[in-house]
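Before any comments, here is the structure.
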Amino acid sequence: MTGEMIAFFFLALTAIAGGVLLINLTNVVHMVVALIFTFIAIAGIYITLSAEFVAVVQVLIYSGAITIIMLFGIMLTRHQEKDRRAPRLKVILTGLAIGLFFLIMYGKIKDLDFGQQNAELHIDNTKKIGIELYSHYLIPFELTSVLLLVALIGSIILAKRDDDEKEAKK
């Protein structure tokens with residue numbers, strides 16, 4: 001087993017664990033931290049795949065997105081601090097399920113052979129991505145940015161409207 005495979009399994013297990021924690025946690029801030037671990041692990045997987053540019057973009061864009069998600073979560077949710085803990089059996093079963101999944105995937109992947117690797121895989125990949133993005137996919141790229149801006153403005157308006165309704169009731 002190579003060091004690259006060990007790094008992949010560690011990062012994959014971190015991403016899966018972060019995703020499971022994201023689903024099971026109830027505190028918004030803790031959920032965001034789990035999301036950060038998931039995104040960083042996925043960026044690490046991109047690095048093991050020789051896609052360094054995609055890894056850097058993953059960290060830069062999603063760190064900004066995490067900040068916005070945290071703001072939305074804090075603005076749009078009720079903040080009753082209830083200390084609800086998951087039952088111990090549920091935690092143990094979740095851990096066992098993750099471990100079993102890891103062992104099954106390891107058993108299937110350890111003898112997998114992908115053949116000859118392309119020698120020019122990571123030569124000028126940033127340039128190639130830029131050419132594709134700004135020549136063939138310019139309209140979807142711009143539409144996505146407008147859609148994200150509309151979502152940001154809409155969530156701020158919704159949060160502001162709730163605050164105005166609370167003040168009118170007082």
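Every chain in the structure tokens takes a letter, A first, then B, and so on in the order presented; its residues are numbered from 1, and the ligands are numbered from 1 following the presented order.
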
Original post:
Quick one: residues within 10 Å of A:Ile66, only C-alpha atoms counted, chain neighbours fewer than 2 positions away excluded, as a PyMOL selection string?
Top reply: chain A and resi 32-33+35-36+39+61-64+68-72

**OP:** Report as a PyMOL selection string: the residues of stretch 1-102 of chain A with a DSSP assignment of helix (DSSP H, G or I), based on the backbone of this structure.
**Re:** chain A and resi 3-24+28-48+52-76+88-102

Original post:
Which residues come within 9 Å of A:Ile98, counting only C-alpha atoms, excluding same-chain residues fewer than 6 positions away, as an MDAnalysis selection string?
Top reply: chainID A and resid 13 16:17 20

Next, dump the selected residues to file, keeping only C-alpha atoms, as a PDB file, in the first residue's frame.
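Saved result, selection_3.pdb, follows:
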```
ATOM      1  CA  LEU A  13     -12.747   8.716   6.122  1.00  0.00           C
ATOM      2  CA  ILE A  16     -17.411  10.704   5.453  1.00  0.00           C
ATOM      3  CA  ALA A  17     -17.142  11.357   9.193  1.00  0.00           C
ATOM      4  CA  VAL A  20     -22.203  12.025   9.168  1.00  0.00           C
TER       5      VAL A  20
END
```

**OP:** Would you list the contacts of stretch 122-139 of chain A as a list of chain:residue names, taking every protein, DNA or RNA residue within 12 Å and counting only C-alpha atoms, but skipping same-chain residues closer than 2 positions in sequence?
**Re:** A:Tyr46, A:Ile47, A:Thr48, A:Leu49, A:Ser50, A:Ala51, A:Glu52, A:Phe53, A:Val54, A:Ala55, A:Val56, A:Val57, A:Gln117, A:Asn118, A:Ala119, A:Glu120, A:Phe141, A:Glu142, A:Leu143, A:Thr144, A:Ser145, A:Val146

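Between A:Met1 and the residues A:Leu112, A:Gly19, A:Leu96, A:Ala41, the shortest atom-to-atom distance, using only C-alpha atoms, involves A:Leu112.
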
Write out as a CSV table (one decimal) with N, CA and C atoms, in the first residue's frame the residues lying within 12 Å of stretch 101-103 of chain A, counting only C-alpha atoms and excluding same-chain residues fewer than 5 positions away.
```csv
chain,number,residue,atom,x,y,z
A,8,PHE,N,-5.3,8.9,0.8
A,8,PHE,CA,-6.7,8.9,0.2
A,8,PHE,C,-7.7,8.4,1.2
A,9,PHE,N,-7.3,7.2,1.9
A,9,PHE,CA,-8.3,6.6,2.8
A,9,PHE,C,-8.5,7.5,4.0
A,10,PHE,N,-7.4,8.1,4.5
A,10,PHE,CA,-7.6,9.0,5.7
A,10,PHE,C,-8.5,10.2,5.3
A,11,LEU,N,-8.3,10.8,4.1
A,11,LEU,CA,-9.1,11.9,3.7
A,11,LEU,C,-10.5,11.5,3.4
A,12,ALA,N,-10.7,10.4,2.8
A,12,ALA,CA,-12.0,9.9,2.6
A,12,ALA,C,-12.8,9.6,3.9
A,13,LEU,N,-12.1,9.0,4.8
A,13,LEU,CA,-12.7,8.7,6.1
A,13,LEU,C,-13.1,10.0,6.8
A,14,THR,N,-12.2,11.0,6.7
A,14,THR,CA,-12.5,12.3,7.3
A,14,THR,C,-13.7,13.0,6.7
A,15,ALA,N,-13.8,12.9,5.3
A,15,ALA,CA,-14.9,13.5,4.6
A,15,ALA,C,-16.2,12.8,5.0
A,16,ILE,N,-16.2,11.5,5.1
A,16,ILE,CA,-17.4,10.7,5.5
A,16,ILE,C,-17.8,11.0,6.9
A,17,ALA,N,-16.8,11.0,7.8
A,17,ALA,CA,-17.1,11.4,9.2
A,17,ALA,C,-17.7,12.8,9.3
A,94,THR,N,-23.4,4.1,14.5
A,94,THR,CA,-22.9,5.0,13.4
A,94,THR,C,-21.5,4.8,13.2
A,95,GLY,N,-20.7,4.7,14.2
A,95,GLY,CA,-19.3,4.4,14.1
A,95,GLY,C,-19.0,3.1,13.5
A,96,LEU,N,-19.7,2.1,13.9
A,96,LEU,CA,-19.6,0.7,13.3
A,96,LEU,C,-19.9,0.7,11.9
A,108,LYS,N,-12.4,-3.8,-1.7
A,108,LYS,CA,-12.7,-3.7,-3.1
A,108,LYS,C,-11.7,-2.9,-3.9
A,109,ILE,N,-11.1,-2.0,-3.2
A,109,ILE,CA,-10.1,-1.0,-3.9
A,109,ILE,C,-8.7,-1.5,-3.9
A,110,LYS,N,-8.3,-2.3,-2.9
A,110,LYS,CA,-6.9,-2.5,-2.7
A,110,LYS,C,-6.2,-3.2,-3.8
```

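Our summary of the geometry notes that atom CA of A:Gly115 is positioned 16.3 Å from atom CA of A:Glu4.
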
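Here atom CA of A:Ala7 is placed at a distance of 25.1 Å from atom CA of A:Ile92.
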
Original post:
So what do you get for atom CA of A:Ile74 versus atom CA of A:Gln58, distance-wise?
Top reply: 23.4 Å
